[in-house]
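Quick look at target31.json (JSON, C-alpha atoms):
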```
[["chain", "number", "residue", "atom", "x", "y", "z"],
["B", 73, "MET", "CA", -19.71, -13.84, 0.55],
["B", 74, "GLN", "CA", -19.24, -10.59, -1.35],
["B", 75, "LEU", "CA", -15.50, -10.08, -1.67],
["B", 76, "ALA", "CA", -15.34, -6.54, -2.99],
["B", 77, "LYS", "CA", -17.59, -3.84, -4.35],
["B", 78, "ILE", "CA", -15.71, -1.08, -6.13],
["B", 79, "LYS", "CA", -16.93, 2.48, -6.68],
["B", 80, "TRP", "CA", -14.93, 4.79, -8.96],
["B", 81, "ILE", "CA", -15.02, 8.54, -9.37],
["B", 82, "LEU", "CA", -13.85, 9.88, -12.78],
["B", 83, "GLY", "CA", -14.58, 6.56, -14.46],
["B", 84, "LYS", "CA", -13.16, 3.06, -14.44],
["B", 85, "ASP", "CA", -10.61, 3.94, -17.11],
["B", 86, "THR", "CA", -8.49, 5.70, -14.47],
["B", 87, "SER", "CA", -7.52, 2.61, -12.49],
["B", 88, "LYS", "CA", -7.38, -1.14, -12.07],
["B", 89, "VAL", "CA", -8.22, -2.45, -8.59],
["B", 90, "GLU", "CA", -7.16, -5.77, -7.08],
["B", 91, "ALA", "CA", -8.51, -6.78, -3.65],
["B", 92, "THR", "CA", -6.83, -9.57, -1.69],
["B", 93, "ARG", "CA", -6.61, -10.72, 1.90],
["B", 94, "GLY", "CA", -4.40, -12.89, 4.06],
["B", 95, "ARG", "CA", -4.60, -14.23, 7.60],
["B", 96, "LEU", "CA", -2.00, -13.12, 10.14],
["B", 97, "SER", "CA", -3.37, -15.54, 12.76],
["B", 98, "PRO", "CA", -6.64, -17.44, 13.45],
["B", 99, "ASN", "CA", -7.96, -14.20, 14.95],
["B", 100, "SER", "CA", -6.80, -11.63, 12.44],
["B", 101, "VAL", "CA", -6.75, -10.88, 8.75],
["B", 102, "CYS", "CA", -4.95, -8.39, 6.50],
["B", 103, "LEU", "CA", -7.12, -6.73, 3.84],
["B", 104, "LEU", "CA", -5.24, -5.30, 0.87],
["B", 105, "LEU", "CA", -6.26, -3.08, -2.02],
["B", 106, "LYS", "CA", -3.88, -2.50, -4.95],
["B", 107, "VAL", "CA", -4.77, 0.43, -7.21],
["B", 108, "THR", "CA", -2.94, 0.80, -10.52],
["B", 109, "ASN", "CA", -3.15, 4.03, -12.50],
["B", 110, "THR", "CA", -4.26, 2.97, -15.98],
["B", 111, "SER", "CA", -4.70, 6.52, -17.30],
["B", 112, "ASP", "CA", -2.08, 8.56, -19.15],
["B", 113, "LYS", "CA", -1.97, 11.25, -16.43],
["B", 114, "THR", "CA", -0.48, 11.42, -12.94],
["B", 115, "MET", "CA", -3.30, 10.94, -10.41],
["B", 116, "ASN", "CA", -4.05, 11.01, -6.70],
["B", 117, "PHE", "CA", -6.11, 8.14, -5.26],
["B", 118, "ARG", "CA", -8.24, 8.03, -2.15],
["B", 119, "ALA", "CA", -9.83, 4.87, -0.74],
["B", 120, "SER", "CA", -12.27, 3.98, 1.98],
["B", 121, "MET", "CA", -13.34, 0.51, 3.08],
["B", 122, "GLU", "CA", -16.44, -0.85, 4.79],
["B", 123, "VAL", "CA", -16.24, -4.26, 6.49],
["B", 124, "ALA", "CA", -18.75, -6.33, 8.48],
["B", 125, "ASP", "CA", -17.88, -9.59, 10.25],
["B", 126, "SER", "CA", -19.90, -12.77, 10.68],
["B", 127, "HIS", "CA", -21.12, -11.57, 14.10],
["B", 128, "GLY", "CA", -23.01, -8.76, 12.36],
["B", 129, "LYS", "CA", -20.58, -6.16, 13.67],
["B", 130, "ASP", "CA", -19.31, -3.32, 11.50],
["B", 131, "LEU", "CA", -15.56, -2.92, 11.74],
["B", 132, "SER", "CA", -13.54, 0.23, 11.21],
["B", 133, "GLY", "CA", -11.67, 0.22, 7.93],
["B", 134, "ILE", "CA", -9.65, 2.49, 5.71],
["B", 135, "TYR", "CA", -11.18, 5.95, 5.73],
["B", 136, "GLY", "CA", -9.86, 9.11, 4.11],
["B", 137, "VAL", "CA", -6.52, 7.59, 3.11],
["B", 138, "ASN", "CA", -4.83, 9.41, 0.25],
["B", 139, "GLU", "CA", -1.94, 8.19, -1.90],
["B", 140, "GLY", "CA", -0.11, 10.04, -4.62],
["B", 141, "PRO", "CA", 1.13, 11.35, -6.87],
["B", 142, "VAL", "CA", 0.68, 8.10, -8.82],
["B", 143, "ALA", "CA", 2.31, 7.97, -12.24],
["B", 144, "PRO", "CA", 0.75, 6.08, -15.19],
["B", 145, "ASN", "CA", 1.14, 2.30, -14.72],
["B", 146, "GLN", "CA", 2.22, 2.80, -11.09],
["B", 147, "THR", "CA", 0.57, 0.78, -8.29],
["B", 148, "VAL", "CA", -0.19, 2.03, -4.79],
["B", 149, "VAL", "CA", -1.47, 0.09, -1.79],
["B", 150, "PHE", "CA", -4.27, 0.63, 0.71],
["B", 151, "TRP", "CA", -4.49, -1.86, 3.58],
["B", 152, "SER", "CA", -5.69, -2.58, 7.10],
["B", 153, "VAL", "CA", -5.44, -5.40, 9.66],
["B", 154, "PHE", "CA", -8.49, -6.50, 11.68],
["B", 155, "TYR", "CA", -8.53, -8.53, 14.91],
["B", 156, "ASP", "CA", -11.31, -10.35, 16.77],
["B", 157, "PRO", "CA", -11.33, -12.32, 20.09],
["B", 158, "LYS", "CA", -12.89, -15.24, 18.24],
["B", 159, "PRO", "CA", -12.02, -16.54, 14.79],
["B", 160, "TYR", "CA", -14.43, -15.20, 12.19],
["B", 161, "TYR", "CA", -14.84, -14.54, 8.50],
["B", 162, "TYR", "CA", -15.91, -11.33, 6.80],
["B", 163, "ASP", "CA", -19.49, -11.07, 5.64],
["B", 164, "HIS", "CA", -18.76, -8.28, 3.19],
["B", 165, "LEU", "CA", -15.94, -6.06, 2.06],
["B", 166, "ASN", "CA", -16.77, -2.85, 0.18],
["B", 167, "TYR", "CA", -14.13, -0.53, -1.24],
["B", 168, "HIS", "CA", -14.69, 2.98, -2.55],
["B", 169, "VAL", "CA", -11.91, 4.30, -4.77],
["B", 170, "TYR", "CA", -11.69, 7.95, -5.76],
["B", 171, "ALA", "CA", -9.32, 9.35, -8.39],
["B", 172, "SER", "CA", -8.42, 12.98, -9.02],
["B", 173, "GLY", "CA", -5.88, 14.87, -11.07],
["B", 174, "THR", "CA", -2.81, 16.47, -9.48],
["B", 175, "ASP", "CA", -0.23, 19.10, -10.37],
["B", 176, "GLN", "CA", 2.43, 17.15, -8.50],
["B", 177, "LYS", "CA", 4.80, 15.03, -10.56],
["B", 178, "SER", "CA", 5.67, 11.51, -9.48],
["B", 179, "ALA", "CA", 9.38, 10.97, -8.86],
["B", 180, "ASN", "CA", 9.16, 7.18, -9.03],
["B", 181, "ASP", "CA", 11.18, 6.96, -12.25],
["B", 182, "ASP", "CA", 14.12, 8.28, -10.23],
["B", 183, "LEU", "CA", 13.41, 6.35, -7.01],
["B", 184, "LYS", "CA", 15.13, 2.97, -7.13],
["B", 185, "LEU", "CA", 13.85, 0.42, -4.59],
["B", 186, "GLU", "CA", 15.84, -2.73, -3.87],
["B", 187, "LEU", "CA", 15.72, -5.71, -1.53],
["B", 188, "ILE", "CA", 19.38, -5.81, -0.56],
["B", 189, "LYS", "CA", 19.33, -8.41, 2.24],
["B", 190, "LYS", "CA", 16.95, -11.20, 3.15],
["B", 191, "ASP", "CA", 16.99, -13.78, 5.92],
["B", 192, "SER", "CA", 14.29, -15.82, 7.64],
["B", 193, "GLU", "CA", 13.09, -12.97, 9.87],
["B", 194, "ASN", "CA", 14.24, -9.69, 8.28],
["B", 195, "PHE", "CA", 14.79, -7.94, 5.00],
["B", 196, "ASP", "CA", 16.38, -4.62, 4.08],
["B", 197, "ILE", "CA", 14.86, -2.12, 1.65],
["B", 198, "LYS", "CA", 17.24, 0.32, 0.01],
["B", 199, "ALA", "CA", 15.89, 3.44, -1.69],
["B", 200, "THR", "CA", 18.18, 5.51, -3.93],
["B", 201, "ASN", "CA", 17.57, 8.77, -5.77],
["B", 202, "ILE", "CA", 19.08, 7.98, -9.18],
["B", 203, "GLY", "CA", 17.88, 11.24, -10.74],
["B", 204, "SER", "CA", 19.18, 14.80, -10.79],
["B", 205, "LYS", "CA", 16.48, 16.45, -8.63],
["B", 206, "LYS", "CA", 15.56, 16.20, -4.97],
["B", 207, "ILE", "CA", 12.79, 13.67, -4.15],
["B", 208, "TYR", "CA", 10.23, 14.40, -1.43],
["B", 209, "TYR", "CA", 8.04, 11.98, 0.53],
["B", 210, "PRO", "CA", 9.54, 8.69, -0.67],
["B", 211, "LYS", "CA", 7.19, 6.03, 0.66],
["B", 212, "ALA", "CA", 7.75, 2.28, 0.30],
["B", 213, "TYR", "CA", 5.19, -0.49, 0.66],
["B", 214, "ALA", "CA", 6.46, -3.95, 1.58],
["B", 215, "ILE", "CA", 3.75, -6.49, 0.75],
["B", 216, "ILE", "CA", 4.63, -9.65, 2.65],
["B", 217, "HIS", "CA", 3.71, -13.08, 1.26],
["B", 218, "LYS", "CA", 3.54, -16.46, 3.00],
["B", 219, "ASP", "CA", 2.47, -19.72, 1.32],
["B", 220, "GLY", "CA", 1.49, -17.80, -1.80],
["B", 221, "LYS", "CA", -0.83, -15.39, 0.05],
["B", 222, "VAL", "CA", -0.53, -11.84, 1.33],
["B", 223, "THR", "CA", -0.16, -11.94, 5.12],
["B", 224, "ASN", "CA", 0.80, -8.38, 5.96],
["B", 225, "VAL", "CA", 1.73, -4.97, 4.56],
["B", 226, "ILE", "CA", 4.28, -2.58, 6.01],
["B", 227, "ASP", "CA", 4.37, 0.98, 4.72],
["B", 228, "THR", "CA", 6.97, 3.50, 5.73],
["B", 229, "LEU", "CA", 8.61, 6.72, 4.67],
["B", 230, "VAL", "CA", 11.96, 5.29, 3.75],
["B", 231, "GLU", "CA", 13.39, 8.73, 4.48],
["B", 232, "PRO", "CA", 12.33, 9.21, 8.14],
["B", 233, "ASP", "CA", 12.44, 13.02, 7.99],
["B", 234, "ASP", "CA", 11.09, 13.99, 4.58],
["B", 235, "ALA", "CA", 11.54, 17.72, 5.22],
["B", 236, "ASP", "CA", 14.94, 17.57, 3.53],
["B", 237, "GLY", "CA", 13.92, 14.99, 0.95],
["B", 238, "LEU", "CA", 16.24, 12.52, -0.75],
["B", 239, "GLN", "CA", 19.07, 14.29, -2.57],
["B", 240, "PRO", "CA", 20.39, 13.10, -5.96],
["B", 241, "GLY", "CA", 22.62, 10.08, -5.38],
["B", 242, "GLU", "CA", 21.49, 9.73, -1.76],
["B", 243, "SER", "CA", 20.38, 6.35, -0.41],
["B", 244, "VAL", "CA", 18.54, 5.25, 2.70],
["B", 245, "THR", "CA", 18.15, 1.68, 4.00],
["B", 246, "LYS", "CA", 15.34, 0.37, 6.21],
["B", 247, "THR", "CA", 15.33, -2.99, 8.02],
["B", 248, "ILE", "CA", 11.91, -4.67, 8.24],
["B", 249, "TYR", "CA", 11.17, -7.41, 10.79],
["B", 250, "ALA", "CA", 8.90, -10.05, 9.23],
["B", 251, "PRO", "CA", 9.36, -13.52, 10.74],
["B", 252, "GLY", "CA", 8.40, -16.50, 8.60],
["B", 253, "TYR", "CA", 7.80, -14.68, 5.32],
["B", 254, "ASP", "CA", 8.37, -16.27, 1.89],
["B", 255, "ASP", "CA", 8.48, -13.32, -0.47],
["B", 256, "VAL", "CA", 8.24, -9.53, -0.54],
["B", 257, "GLU", "CA", 6.61, -7.31, -3.18],
["B", 258, "LEU", "CA", 7.59, -3.63, -3.30],
["B", 259, "SER", "CA", 5.67, -0.56, -4.41],
["B", 260, "SER", "CA", 6.24, 3.15, -3.74],
["B", 261, "THR", "CA", 5.14, 6.74, -4.16],
["B", 262, "SER", "CA", 7.27, 9.91, -4.25],
["B", 263, "SER", "CA", 7.18, 13.48, -5.52],
["B", 264, "TYR", "CA", 9.44, 16.16, -6.99],
["B", 265, "SER", "CA", 7.57, 18.83, -5.01],
["B", 266, "LYS", "CA", 6.11, 19.36, -1.55]]
```

This entry written out as structure tokens:
Amino acid sequence: MQLAKIKWILGKDTSKVEATRGRLSPNSVCLLLKVTNTSDKTMNFRASMEVADSHGKDLSGIYGVNEGPVAPNQTVVFWSVFYDPKPYYYDHLNYHVYASGTDQKSANDDLKLELIKKDSENFDIKATNIGSKKIYYPKAYAIIHKDGKVTNVIDTLVEPDDADGLQPGESVTKTIYAPGYDDVELSSTSSYSK
């Protein structure tokens, strides 16, 4: 089986791509793409995904999804969950990753993400603006692990109404329901401008 075929625009030196997958149930699977900005410039990334199952059926994937601004060494996440009435495996999984420059500046150096509470079915993510400027569009990715594998991804604007942004010193907390998880990996994007 071909796990992943990666296509870059602007050259491979702009990013590192890691493709993984985990099973939510016998009839579903979570497909995950981590893209790390390996350039020295803030970038935007766009990903699409083509998937076919063992029944010969093409499945809808990630199309036209944009993430950014992504600072150097920052990782963003593209993901999707697929379901089928019968258990199956994927015949192929092709990703296309596009990178482009941006005038926006990432605010992630001033966006502090923390896991502040964990129990067997829930965890709380706290996001705090530790800088001196307003942060717009703070988005957190919670990558959920079980038995050493990724089983799901939850992405959310940790500030529900981003029109007002996250003021300096302001915090927001989000409770995530994730029964039976073992570990959580966090990633985020944010901006100093709209």

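Counting all atoms listed in the file, the residue from B:Thr247, B:Ser263, B:Thr86, B:Asn99 that sits nearest to Asp182 in chain B is B:Ser263.
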
- Task: Rank B:Lys198, B:Lys266, B:Phe154, B:Asn116 by their smallest atom-to-atom distance to Asp130 in chain B, using all atoms listed in the file, and report the top residue only.
- Result: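 The shortest atom-to-atom distance to Asp130 in chain B comes from B:Phe154.
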
- Task: Pick out the residues sitting within 6 Å of Gln146 in chain B, and hand them over as a count of residues only; count all atoms listed in the file, and ignore anything fewer than 3 positions along from it in its own chain.
- Result: 4

- Between CA of Gly140 in chain B and CA of Asp175 in chain B - distance in Å to one decimal: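 Distance between the two atoms: 10.7 Å.
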
- Message: Considering all atoms listed in the file, can you say which of B:Val153, B:Val107, B:Val256, B:Ile197 comes closest to Gly220 in chain B?
- Response: B:Val256

Need a file for range 100-210 of chain B from that block: C-alpha atoms, written as a CSV table (one decimal), in the first residue's frame.
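Saved file result.csv follows:
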```
chain,number,residue,atom,x,y,z
B,100,SER,CA,-13.4,4.5,10.7
B,101,VAL,CA,-9.9,5.9,10.5
B,102,CYS,CA,-8.4,9.3,11.2
B,103,LEU,CA,-5.8,10.5,8.6
B,104,LEU,CA,-3.4,13.2,9.9
B,105,LEU,CA,-0.9,15.4,8.1
B,106,LYS,CA,1.6,17.4,10.1
B,107,VAL,CA,3.4,20.2,8.2
B,108,THR,CA,6.4,21.9,9.8
B,109,ASN,CA,7.7,25.2,8.4
B,110,THR,CA,11.5,24.5,7.9
B,111,SER,CA,12.1,27.8,6.1
B,112,ASP,CA,13.3,31.0,7.7
B,113,LYS,CA,10.1,32.9,6.7
B,114,THR,CA,6.5,32.9,7.9
B,115,MET,CA,4.5,30.9,5.4
B,116,ASN,CA,0.9,29.9,4.6
B,117,PHE,CA,0.2,26.2,3.9
B,118,ARG,CA,-2.6,24.6,1.9
B,119,ALA,CA,-3.2,20.9,1.6
B,120,SER,CA,-5.4,18.6,-0.3
B,121,MET,CA,-5.8,14.8,0.1
B,122,GLU,CA,-6.9,12.0,-2.3
B,123,VAL,CA,-7.9,8.7,-0.8
B,124,ALA,CA,-9.2,5.4,-2.3
B,125,ASP,CA,-10.5,2.5,-0.2
B,126,SER,CA,-10.1,-1.2,-0.8
B,127,HIS,CA,-13.5,-1.4,-2.5
B,128,GLY,CA,-12.1,0.8,-5.3
B,129,LYS,CA,-14.1,3.8,-4.2
B,130,ASP,CA,-12.7,7.3,-4.1
B,131,LEU,CA,-13.4,9.1,-0.8
B,132,SER,CA,-13.6,12.8,-0.2
B,133,GLY,CA,-10.6,14.2,1.6
B,134,ILE,CA,-9.1,17.5,2.6
B,135,TYR,CA,-9.6,20.0,-0.2
B,136,GLY,CA,-8.7,23.7,-0.2
B,137,VAL,CA,-7.8,23.8,3.5
B,138,ASN,CA,-5.5,26.7,4.4
B,139,GLU,CA,-3.5,27.2,7.6
B,140,GLY,CA,-1.4,30.1,8.6
B,141,PRO,CA,0.5,32.2,9.3
B,142,VAL,CA,3.0,29.5,10.2
B,143,ALA,CA,6.2,30.8,11.8
B,144,PRO,CA,9.6,29.1,11.2
B,145,ASN,CA,9.8,25.7,13.1
B,146,GLN,CA,6.0,25.8,13.8
B,147,THR,CA,3.8,22.8,13.0
B,148,VAL,CA,0.3,22.9,11.7
B,149,VAL,CA,-2.2,20.0,11.2
B,150,PHE,CA,-4.4,18.9,8.4
B,151,TRP,CA,-6.8,16.0,9.1
B,152,SER,CA,-9.9,14.1,8.2
B,153,VAL,CA,-11.9,11.2,9.5
B,154,PHE,CA,-13.4,8.6,7.1
B,155,TYR,CA,-16.2,6.1,7.8
B,156,ASP,CA,-17.4,3.0,5.9
B,157,PRO,CA,-20.3,0.5,6.6
B,158,LYS,CA,-17.7,-2.4,6.4
B,159,PRO,CA,-14.2,-2.5,7.8
B,160,TYR,CA,-11.7,-1.6,5.1
B,161,TYR,CA,-8.1,-0.4,4.6
B,162,TYR,CA,-7.0,2.4,2.3
B,163,ASP,CA,-5.5,1.5,-1.0
B,164,HIS,CA,-3.7,4.8,-1.4
B,165,LEU,CA,-3.3,8.1,0.3
B,166,ASN,CA,-2.0,11.1,-1.7
B,167,TYR,CA,-1.3,14.5,-0.1
B,168,HIS,CA,-0.6,17.7,-2.0
B,169,VAL,CA,1.1,20.4,0.1
B,170,TYR,CA,1.3,24.0,-1.2
B,171,ALA,CA,3.4,26.7,0.5
B,172,SER,CA,3.3,30.5,-0.1
B,173,GLY,CA,4.6,33.6,1.5
B,174,THR,CA,2.5,35.8,3.7
B,175,ASP,CA,2.6,39.4,5.0
B,176,GLN,CA,0.8,38.3,8.2
B,177,LYS,CA,3.0,37.7,11.2
B,178,SER,CA,2.5,34.7,13.4
B,179,ALA,CA,1.6,35.5,17.0
B,180,ASN,CA,2.5,32.0,18.3
B,181,ASP,CA,5.5,33.3,20.3
B,182,ASP,CA,2.9,35.2,22.5
B,183,LEU,CA,0.2,32.5,22.5
B,184,LYS,CA,0.8,30.1,25.4
B,185,LEU,CA,-1.1,26.8,25.2
B,186,GLU,CA,-1.4,24.6,28.3
B,187,LEU,CA,-3.2,21.4,29.3
B,188,ILE,CA,-4.5,22.5,32.7
B,189,LYS,CA,-6.7,19.6,33.6
B,190,LYS,CA,-6.9,15.9,32.5
B,191,ASP,CA,-9.1,13.1,33.5
B,192,SER,CA,-10.1,9.8,31.8
B,193,GLU,CA,-12.7,11.4,29.5
B,194,ASN,CA,-11.9,15.2,29.3
B,195,PHE,CA,-9.1,17.6,29.2
B,196,ASP,CA,-8.9,21.4,29.3
B,197,ILE,CA,-6.8,23.6,27.0
B,198,LYS,CA,-5.9,27.1,28.3
B,199,ALA,CA,-4.7,29.7,25.8
B,200,THR,CA,-3.1,32.9,27.2
B,201,ASN,CA,-1.9,36.0,25.3
B,202,ILE,CA,1.4,36.6,27.1
B,203,GLY,CA,2.5,39.4,24.8
B,204,SER,CA,1.8,43.1,24.5
B,205,LYS,CA,-0.4,43.1,21.3
B,206,LYS,CA,-3.8,41.7,20.5
B,207,ILE,CA,-3.9,38.2,19.0
B,208,TYR,CA,-6.4,37.3,16.3
B,209,TYR,CA,-7.6,33.9,15.2
B,210,PRO,CA,-6.0,31.8,17.9
```
